[in-house]
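Notes follow once the structure below has been shown.
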Amino acid sequence: MYRRLLLWLILLACYSVAAIAITQQFELPRWDWEDELTTALGVSIGVLLVFRNRSAYERWWEARQQWGKLINESRNLSVKVAAFAEIAPRDREIMAELLIAFPNALRMHLRGQRDPLPSIEALFPEIANAEHRPGYISLQIFKLLNKWNRDNSLFASIRILERQANGLLDVCGACERIRNTPMVPSYRFMAWFSVLLYCLAAPWPLGMNFEWYALPIILLSNSFLVAMEMVAETIEDPFGLEHDDLRLENYCKGIEAFVREMLG
Amino acid sequence: MYRRLLLWLILLACYSVAAIAITQQFELPRWDWEDELTTALGVSIGVLLVFRNRSAYERWWEARQQWGKLINESRNLSVKVAAFAEIAPRDREIMAELLIAFPNALRMHLRGQRDPLPSIEALFPEIANAEHRPGYISLQIFKLLNKWNRDNSLFASIRILERQANGLLDVCGACERIRNTPMVPSYRFMAWFSVLLYCLAAPWPLGMNFEWYALPIILLSNSFLVAMEMVAETIEDPFGLEHDDLRLENYCKGIEAFVREMLG
Amino acid sequence: MYRRLLLWLILLACYSVAAIAITQQFELPRWDWEDELTTALGVSIGVLLVFRNRSAYERWWEARQQWGKLINESRNLSVKVAAFAEIAPRDREIMAELLIAFPNALRMHLRGQRDPLPSIEALFPEIANAEHRPGYISLQIFKLLNKWNRDNSLFASIRILERQANGLLDVCGACERIRNTPMVPSYRFMAWFSVLLYCLAAPWPLGMNFEWYALPIILLSNSFLVAMEMVAETIEDPFGLEHDDLRLENYCKGIEAFVREMLG
Amino acid sequence: MYRRLLLWLILLACYSVAAIAITQQFELPRWDWEDELTTALGVSIGVLLVFRNRSAYERWWEARQQWGKLINESRNLSVKVAAFAEIAPRDREIMAELLIAFPNALRMHLRGQRDPLPSIEALFPEIANAEHRPGYISLQIFKLLNKWNRDNSLFASIRILERQANGLLDVCGACERIRNTPMVPSYRFMAWFSVLLYCLAAPWPLGMNFEWYALPIILLSNSFLVAMEMVAETIEDPFGLEHDDLRLENYCKGIEAFVREMLG
Amino acid sequence: MYRRLLLWLILLACYSVAAIAITQQFELPRWDWEDELTTALGVSIGVLLVFRNRSAYERWWEARQQWGKLINESRNLSVKVAAFAEIAPRDREIMAELLIAFPNALRMHLRGQRDPLPSIEALFPEIANAEHRPGYISLQIFKLLNKWNRDNSLFASIRILERQANGLLDVCGACERIRNTPMVPSYRFMAWFSVLLYCLAAPWPLGMNFEWYALPIILLSNSFLVAMEMVAETIEDPFGLEHDDLRLENYCKGIEAFVREMLG
């Protein structure tokens with residue numbers, strides 16, 4: 001993002017310098033309406049940018065809440081499996097590997113990556129053929145629960161574990177929803193178009209009024225507007241690798257540490 | 001939407017050109033109050049449009065969340081059915097067809113269409129007579145669950161599947177609610193009326209002040225206001241086929257791919 | 001609402017005409033402070049009206065969501081009862097009548113009406129003595145569920161039906177809450193008082209500045225303010241019979257059609 | 001509240017009169033910056049007051065929702081107990097008394113009162129020693145449920161009643177949270193301090209500009225600001241006895257009427 | 001916070017005094033654009049600060065709600081355990097100690113402290129080795145529940161206690177989420193940078209216009225802006241020990257008092 005931002009700002013700065021130079025050189029007729037135009041644009045940009053950044057931030061925070069839910073469900077599941085002393089140690093280990101693999105598989109799924117998951121591939125080689133790896137892992141978790149339920153290790157209380165296991169796929173679906181549904185396209189276009197129009201129109205009346213002194217104002221307002229727009233674009237899809245995105249690796253490591261402490 | 005928008009903008013542009021031409025030709029008396037009028041209108045339009053677009057966006061996003069819930073419930077149901085090895089393969093296939101048919105039936109139901117659903121009509125010919133097809137499919141899902149519960153394939157844990165099956169009809173009801181309840185009619189009328197009034201009133205004082213230079217300002221503010229209003233109208237009912245509407249076909253295909261991978 | 005709105009606007013128009021006439025006739029001393037007064041009032045009104053309309057709209061939408069929940073719960077209940085083939089046909093009919101009667105009883109309860117419910121009174125004559133008819137119908141539904149639970153028609157899964165049955169009374173309580181709790185009284189008073197004060201104060205400075213040309217501005221801003229206030233008052237209690245209120249009859253008919261298709 | 005409000009307004013009115021009188025008498029040098037100061041203060045007050053009133057209103061509405069939940073849970077509990085015909089009449093009566101006593105005990109608990117609850121003290125004399133009376137009543141409700149569960153009156157469906165019984169203490173906890181956690185102290189201080197500063201600073205520049213005509217503007221804006229602040233303070237803790245507070249007595253009576261109709 | 005705030009304000013005050021002194025001394029050329037600059041900055045700061053404080057407050061309130069949930073779950077758990085008379089008194093005591101220790105362990109966990117928990121270390125010496133103490137305590141609670149479930153003290157209703165026990169770890173996860181995820185870094189930087197820029201730029205045009213009379217305006221707006229920013233930073237992480245932070249000790253004591261009254 002920062003590289004793109006810088007590029008835009010340099011381009012707009014060159015444009016502004018040229019615009020002010022022209023206004024200085026050629027003694028253009030002063031049009032009052034340009035002032036009015038930039039004011040009107042300013043207000044409509046304000047409305048659009050507040051709206052756009054607010055909704056982008058809400059998506060970012062919802063994504064964070066979903067990963068928080070994933071952490072909670074994984075923890076509760078591992079604590080409960082640890083508390084049920086009747087479960088065979090081998091099954092516990094498998095459950096631990098599945099719970100650790102799920103967030104990693106989801107992380108890669110959301111980023112369009114497909115690195116291998118060695119520890120889980122050793123247990124379930126067929127995962128290599130699975131299209132939707134989080135779904136496959138979730139299936140194995142439910143198969144374990146069903147097995148425990150049938151050999152009565154859970155004392156007829158499968159519901160206690162099942163509710164948390166559901167949560168894993170719920171989180172997966174919610175994250176896919178956030179990733180796959182961008183902001184209403186018309187709003188995106190209007191926000192971006194207004195910002196651009198303002199940046200292109202502002203240098204002319206300001207250049208005529210304040211000469212070269214207008215440059216800092218123009219650069220500052222350009223930076224602010226373009227940066228706001230770009231931050232909104234970035235956090236709208238919060239699963240990437242940019243500076244403002246969520247630290248998915250950390251959450252995965254947090255889950256792993258907790259599960260290993262409980263079931264390791 | 002775009003055609004209607006264009007039509008409106010052309011009409012308003014012609015009107016504005018005519019208005020400015022008249023102000024140029026006839027040397028009308030300058031009325032200060034027109035300026036005040038457009039300012040007052042501008043503020044009230046701002047308040048109304050922000051309010052209107054915010055609530056329209058919230059409906060759009062709620063509709064998206066409901067379809068996200070539909071995806072989650074379908075996935076969890078298919079994963080669980082796949083994990084319960086005791087279910088007859090034939091029953092699994094029927095469940096898969098039902099889970100795939102539900103979103104398609106809902107999609108057509110929300111759009112007022114009624115294309116045939118061949119794969120489900122082969123299994124349940126009576127669906128052709130059903131008034132409410134999503135309701136009918138949901139009934140068949142519950143009948144399957146009840147059957148499994150009675151022949152004890154679920155080990156007395158019907159609750160595990162039932163919660164998800166409920167979710168299907170809940171999504172259907174929520175989507176119908178969004179489709180059938182437009183914004184408070186008085187707000188819609190006031191927003192639309194203010195926008196129109198502003199577009200009709202603005203050319204006169206601007207034409208007198210800035211002559212032909214007023215045209216770009218007028219065209220720009222008209223485009224912005226009419227576009228905002230039309231986007232709000234479009235996304236208020238997000239189940240249509242316009243550019244900003246939800247991609248229901250994609251969600252249906254996503255459910256189908258997942259269900260086939262799990263139960264296919 | 002429209003009649004009250006019209007009455008107010010006519011009264012305010014007469015008042016404005018009188019005010020402007022007086023300012024024309026008597027050459028009053030021009031007080032600058034009146035201008036300042038109307039500006040200050042305008043801002044505080046804006047804040048109050050946005051706040052008031054936003055919260056009124058939220059109540060309206062919450063009421064709509066509660067009725068949507070009612071539709072969902074009734075549908076899910078009827079689908080499940082239809083799927084449980086072990087229930088006696090007579091009991092199914094009774095359940096259908098109860099599910100159809102509930103929304104109608106709630107609708108009348110919310111509007112303070114008490115029309116007879118012939119089909120349910122034929123089954124349960126004591127309902128005529130019930131103070132709280134939705135509560136009475138809910139009681140009969142739970143009695144049916146308890147009966148089915150005891151003669152084992154539900155295979156020990158009463159929880160499946162009970163959750164939906166709870167929902168009916170929950171909706172009833174939420175609707176009563178919205179109807180019985182108006183906006184914080186002080187805010188209501190302040191919003192209404194500011195609007196009135198503005199409408200009474202505005203004609204004087206505007207009349208002095210723009211003479212008779214001030215009339216359209218005054219009428220327009222009066223209409224806008226009084227209409228916003230009245231819409232907020234109307235949708236605050238969304239169960240009435242005015243144009244902006246919810247179409248409760250339609251929802252009742254929708255439930256009836258669905259229940260009859262499933263259980264009829 | 002009204003008495004405190006009046007007192008403040010009278011004090012501020014005297015101060016303003018004095019300020020204007022001084023500006024009239026002594027021909028002070030006119031400082032432009034005072035005008036700027038009041039504008040800057042006005043904007044920051046606007047931001048703070050909107051924020052403060054919005055969050056105070058949200059607390060008020062959440063408190064109302066919690067009491068609405070209390071009504072719903074009490075109703076559902078009494079309907080279900082009435083539907084379970086196997087329960088001894090004496091137990092029903094005790095449950096009715098407990099359900100009626102809970103909201104009253106909670107109401108007094110929230111207001112720091114401790115009036116006697118005669119009907120419940122007749123049944124459970126130890127309540128006189130209980131520190132937390134709503135908690136004690138909730139304990140008795142759970143003891144009843146446990147008793148019914150053990151002698152099998154509930155057909156192994158204690159979960160059906162238990163969910164509602166949980167709700168009672170949840171409401172109690174949520175209300176205590178609202179009562180015990182005031183708005184972030186720094187925001188409270190800043191809002192109150194800005195209002196006061198504005199009221200103290202505004203008379204000077206206005207008095208110099210408009211002489212005695214400034215008085216109505218000053219009084220009006222003072223009233224508005226101080227009233228907004230005081231309303232926010234009042235509804236922040238909505239369990240008191242002031243005009244804008246919730247009508248807890250009415251809710252208690254509503255619960256009593258319903259429970260008596262069902263279990264009486 | 002107050003010390004840092006004071007330091008900043010003193011630094012900014014010195015800077016402002018110097019700036020005004022220079023404008024007085026050297027008769028600088030008056031640049032109109034500085035006025036424009038501060039206005040543009042003022043608006044963008046307003047937007048950013050409102051956004052920032054609103055989202056910081058929402059986090060603060062969510063943290064409070066999570067602790068409220070913790071109080072509710074602990075209370076409900078202790079009431080239920082007290083109501084189930086079949087549980088051995090020794091087990092009750094252990095449960096009471098665990099429920100009292102959990103909030104204290106969580107409080108220290110959130111603050112990065114690790115004071116000893118004597119009463120729980122006497123019962124479970126291994127807690128000294130536990131990395132995640134709240135997780136360890138939660139594990140012991142589930143082990144107790146499992147034990148009671150197996151020796152049938154709960155009459156097959158473990159679900160009744162399990163739902164509340166889940167809540168403890170859910171609260172823990174939600175609080176960690178709030179503590180570990182600061183506001184989007186780009187927004188933080190932009191808010192802080194704008195405030196600083198404004199404080200550095202404002203003295204120059206104001207000093208030129210109003211000479212030394214500008215000082216109170218500058219100090220006041222500086223205080224307001226820096227204070228708003230600092231309050232937002234403080235309440236963003238509401239688990240600290242500053243004045244605006246949550247009173248975690250009080251909540252812990254409240255839980256202890258209630259649990260002791262029920263199970264003591």
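Naming scheme: A, B, ... for chains in displayed order of the structure tokens; residues 1 onward per chain; ligands 1 onward as shown.
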Output as a VMD selection string the set of chain B residues within 6 Å of chain C, with distances taken over only C-alpha atoms.
chain B and resid 37 139 142 to 143 170 173 184 to 185
Put those residues in a file: all heavy atoms, as a PDB file, in the first residue's frame.
ATOM      1  N   LEU B  37     -32.135  29.700  -0.260  1.00  0.00           N
ATOM      2  CA  LEU B  37     -32.961  28.520  -0.475  1.00  0.00           C
ATOM      3  C   LEU B  37     -32.105  27.307  -0.791  1.00  0.00           C
ATOM      4  O   LEU B  37     -32.272  26.224  -0.206  1.00  0.00           O
ATOM      5  CB  LEU B  37     -33.935  28.787  -1.634  1.00  0.00           C
ATOM      6  CG  LEU B  37     -34.915  27.675  -1.964  1.00  0.00           C
ATOM      7  CD1 LEU B  37     -35.879  27.471  -0.822  1.00  0.00           C
ATOM      8  CD2 LEU B  37     -35.682  28.000  -3.230  1.00  0.00           C
ATOM      9  N   LEU B 139     -39.220 -28.710   4.651  1.00  0.00           N
ATOM     10  CA  LEU B 139     -40.054 -29.784   5.213  1.00  0.00           C
ATOM     11  C   LEU B 139     -39.420 -31.141   4.931  1.00  0.00           C
ATOM     12  O   LEU B 139     -39.357 -32.012   5.815  1.00  0.00           O
ATOM     13  CB  LEU B 139     -41.459 -29.685   4.604  1.00  0.00           C
ATOM     14  CG  LEU B 139     -42.447 -30.787   4.980  1.00  0.00           C
ATOM     15  CD1 LEU B 139     -42.740 -30.767   6.453  1.00  0.00           C
ATOM     16  CD2 LEU B 139     -43.745 -30.639   4.192  1.00  0.00           C
ATOM     17  N   PHE B 142     -36.506 -31.798   7.241  1.00  0.00           N
ATOM     18  CA  PHE B 142     -36.922 -32.199   8.584  1.00  0.00           C
ATOM     19  C   PHE B 142     -37.477 -33.613   8.592  1.00  0.00           C
ATOM     20  O   PHE B 142     -37.306 -34.360   9.560  1.00  0.00           O
ATOM     21  CB  PHE B 142     -37.957 -31.219   9.139  1.00  0.00           C
ATOM     22  CG  PHE B 142     -37.334 -30.046   9.806  1.00  0.00           C
ATOM     23  CD1 PHE B 142     -37.360 -28.792   9.237  1.00  0.00           C
ATOM     24  CD2 PHE B 142     -36.682 -30.205  11.015  1.00  0.00           C
ATOM     25  CE1 PHE B 142     -36.762 -27.721   9.857  1.00  0.00           C
ATOM     26  CE2 PHE B 142     -36.088 -29.131  11.645  1.00  0.00           C
ATOM     27  CZ  PHE B 142     -36.131 -27.881  11.056  1.00  0.00           C
ATOM     28  N   LYS B 143     -38.166 -34.011   7.510  1.00  0.00           N
ATOM     29  CA  LYS B 143     -38.674 -35.386   7.459  1.00  0.00           C
ATOM     30  C   LYS B 143     -37.525 -36.385   7.474  1.00  0.00           C
ATOM     31  O   LYS B 143     -37.582 -37.408   8.160  1.00  0.00           O
ATOM     32  CB  LYS B 143     -39.544 -35.570   6.211  1.00  0.00           C
ATOM     33  CG  LYS B 143     -40.958 -35.031   6.401  1.00  0.00           C
ATOM     34  CD  LYS B 143     -41.881 -35.498   5.303  1.00  0.00           C
ATOM     35  CE  LYS B 143     -43.315 -35.038   5.579  1.00  0.00           C
ATOM     36  NZ  LYS B 143     -44.137 -35.061   4.340  1.00  0.00           N
ATOM     37  N   ASP B 170     -34.911 -19.685   8.714  1.00  0.00           N
ATOM     38  CA  ASP B 170     -34.670 -18.362   9.311  1.00  0.00           C
ATOM     39  C   ASP B 170     -34.097 -17.415   8.270  1.00  0.00           C
ATOM     40  O   ASP B 170     -34.499 -16.250   8.169  1.00  0.00           O
ATOM     41  CB  ASP B 170     -33.691 -18.481  10.489  1.00  0.00           C
ATOM     42  CG  ASP B 170     -34.347 -19.071  11.720  1.00  0.00           C
ATOM     43  OD1 ASP B 170     -35.589 -19.156  11.747  1.00  0.00           O
ATOM     44  OD2 ASP B 170     -33.629 -19.461  12.649  1.00  0.00           O
ATOM     45  N   GLY B 173     -36.809 -16.315   5.899  1.00  0.00           N
ATOM     46  CA  GLY B 173     -37.676 -15.290   6.469  1.00  0.00           C
ATOM     47  C   GLY B 173     -37.011 -13.934   6.519  1.00  0.00           C
ATOM     48  O   GLY B 173     -37.630 -12.905   6.224  1.00  0.00           O
ATOM     49  N   VAL B 184     -38.993   3.468   5.360  1.00  0.00           N
ATOM     50  CA  VAL B 184     -40.198   4.221   5.746  1.00  0.00           C
ATOM     51  C   VAL B 184     -40.631   5.092   4.563  1.00  0.00           C
ATOM     52  O   VAL B 184     -39.844   5.927   4.093  1.00  0.00           O
ATOM     53  CB  VAL B 184     -39.903   5.111   6.961  1.00  0.00           C
ATOM     54  CG1 VAL B 184     -41.132   5.902   7.351  1.00  0.00           C
ATOM     55  CG2 VAL B 184     -39.418   4.286   8.126  1.00  0.00           C
ATOM     56  N   PRO B 185     -41.863   4.923   4.038  1.00  0.00           N
ATOM     57  CA  PRO B 185     -42.255   5.644   2.811  1.00  0.00           C
ATOM     58  C   PRO B 185     -42.055   7.154   2.894  1.00  0.00           C
ATOM     59  O   PRO B 185     -41.605   7.773   1.928  1.00  0.00           O
ATOM     60  CB  PRO B 185     -43.728   5.282   2.657  1.00  0.00           C
ATOM     61  CG  PRO B 185     -43.900   3.990   3.391  1.00  0.00           C
ATOM     62  CD  PRO B 185     -42.905   4.006   4.509  1.00  0.00           C
TER      63      PRO B 185
END
Shell of 12 Å around Arg90 of chain D, only C-alpha atoms, local chain residues under 3 positions omitted, as an mmCIF file with C-alpha atoms, in the first residue's frame:
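Output file around.cif follows:
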data_model
loop_
_atom_site.group_PDB
_atom_site.id
_atom_site.type_symbol
_atom_site.label_atom_id
_atom_site.label_comp_id
_atom_site.auth_asym_id
_atom_site.auth_seq_id
_atom_site.Cartn_x
_atom_site.Cartn_y
_atom_site.Cartn_z
ATOM 1 C CA GLU D 86 -47.749 -32.687 36.804
ATOM 2 C CA ILE D 87 -46.445 -30.041 39.179
ATOM 3 C CA GLU D 93 -47.879 -21.026 44.028
ATOM 4 C CA ILE D 94 -44.365 -20.825 45.401
ATOM 5 C CA MET D 95 -42.992 -20.387 41.875
ATOM 6 C CA ALA D 96 -45.540 -17.638 41.226
ATOM 7 C CA GLU D 97 -44.481 -15.808 44.384
ATOM 8 C CA LEU D 123 -42.203 -18.507 52.571
ATOM 9 C CA LEU D 144 -37.490 -25.770 42.841
ATOM 10 C CA LEU D 263 -50.433 -19.564 37.831
ATOM 11 C CA GLY D 264 -52.866 -17.810 40.146
#
Run DSSP on the backbone and give me the residues of segment 104-246 of chain B it puts in alpha helix (DSSP H), as a ChimeraX atom specification.
/B:104-111,118-123,133-150,158-180,185-201,203-210,214-236
Select from segment 107-167 of chain B every residue with an atom at most 10 Å from any atom of segment 175-180 of chain B, then for each give the shortest pair of atoms and their distance in Å to one decimal, using only C-alpha atoms, rows by chain and rising number, as JSON lines.
{"residue": "B:Arg107", "atom": "CA", "partner": "B:Cys175", "partner_atom": "CA", "distance": 9.7}
{"residue": "B:His109", "atom": "CA", "partner": "B:Glu176", "partner_atom": "CA", "distance": 8.9}
{"residue": "B:Leu110", "atom": "CA", "partner": "B:Glu176", "partner_atom": "CA", "distance": 6.8}
{"residue": "B:Arg111", "atom": "CA", "partner": "B:Arg179", "partner_atom": "CA", "distance": 9.2}
Applying 10 Å and only C-alpha atoms, which residues near Ala19 of chain A remain after dropping the ones on its own chain fewer than 2 positions away? List them as a PDB file with C-alpha atoms, in the first residue's frame.
ATOM      1  CA  ALA A  13       2.433  16.704  -6.586  1.00  0.00           C
ATOM      2  CA  CYS A  14       3.905  17.021 -10.088  1.00  0.00           C
ATOM      3  CA  TYR A  15       0.461  17.822 -11.439  1.00  0.00           C
ATOM      4  CA  SER A  16      -0.079  20.473  -8.762  1.00  0.00           C
ATOM      5  CA  VAL A  17       3.284  22.094  -9.393  1.00  0.00           C
ATOM      6  CA  ALA A  21       3.174  27.227 -12.603  1.00  0.00           C
ATOM      7  CA  ILE A  22       0.609  27.646 -15.376  1.00  0.00           C
ATOM      8  CA  THR A  23      -1.597  29.898 -13.254  1.00  0.00           C
ATOM      9  CA  GLN A  24       1.472  32.018 -12.456  1.00  0.00           C
ATOM     10  CA  GLN A  25       2.714  32.227 -16.015  1.00  0.00           C
ATOM     11  CA  LEU A 200      -7.217  17.471  -9.977  1.00  0.00           C
ATOM     12  CA  ALA A 201      -9.432  20.528  -9.473  1.00  0.00           C
ATOM     13  CA  ALA A 202      -8.048  22.015  -6.249  1.00  0.00           C
ATOM     14  CA  PRO A 203      -4.665  23.331  -7.477  1.00  0.00           C
ATOM     15  CA  TRP A 204      -6.232  25.792  -9.947  1.00  0.00           C
ATOM     16  CA  PRO A 205      -8.209  28.121  -7.662  1.00  0.00           C
ATOM     17  CA  LEU A 206      -5.722  27.732  -4.806  1.00  0.00           C
ATOM     18  CA  GLY A 207      -2.810  28.460  -7.118  1.00  0.00           C
ATOM     19  CA  MET A 208      -4.502  31.618  -8.337  1.00  0.00           C
TER      20      MET A 208
END
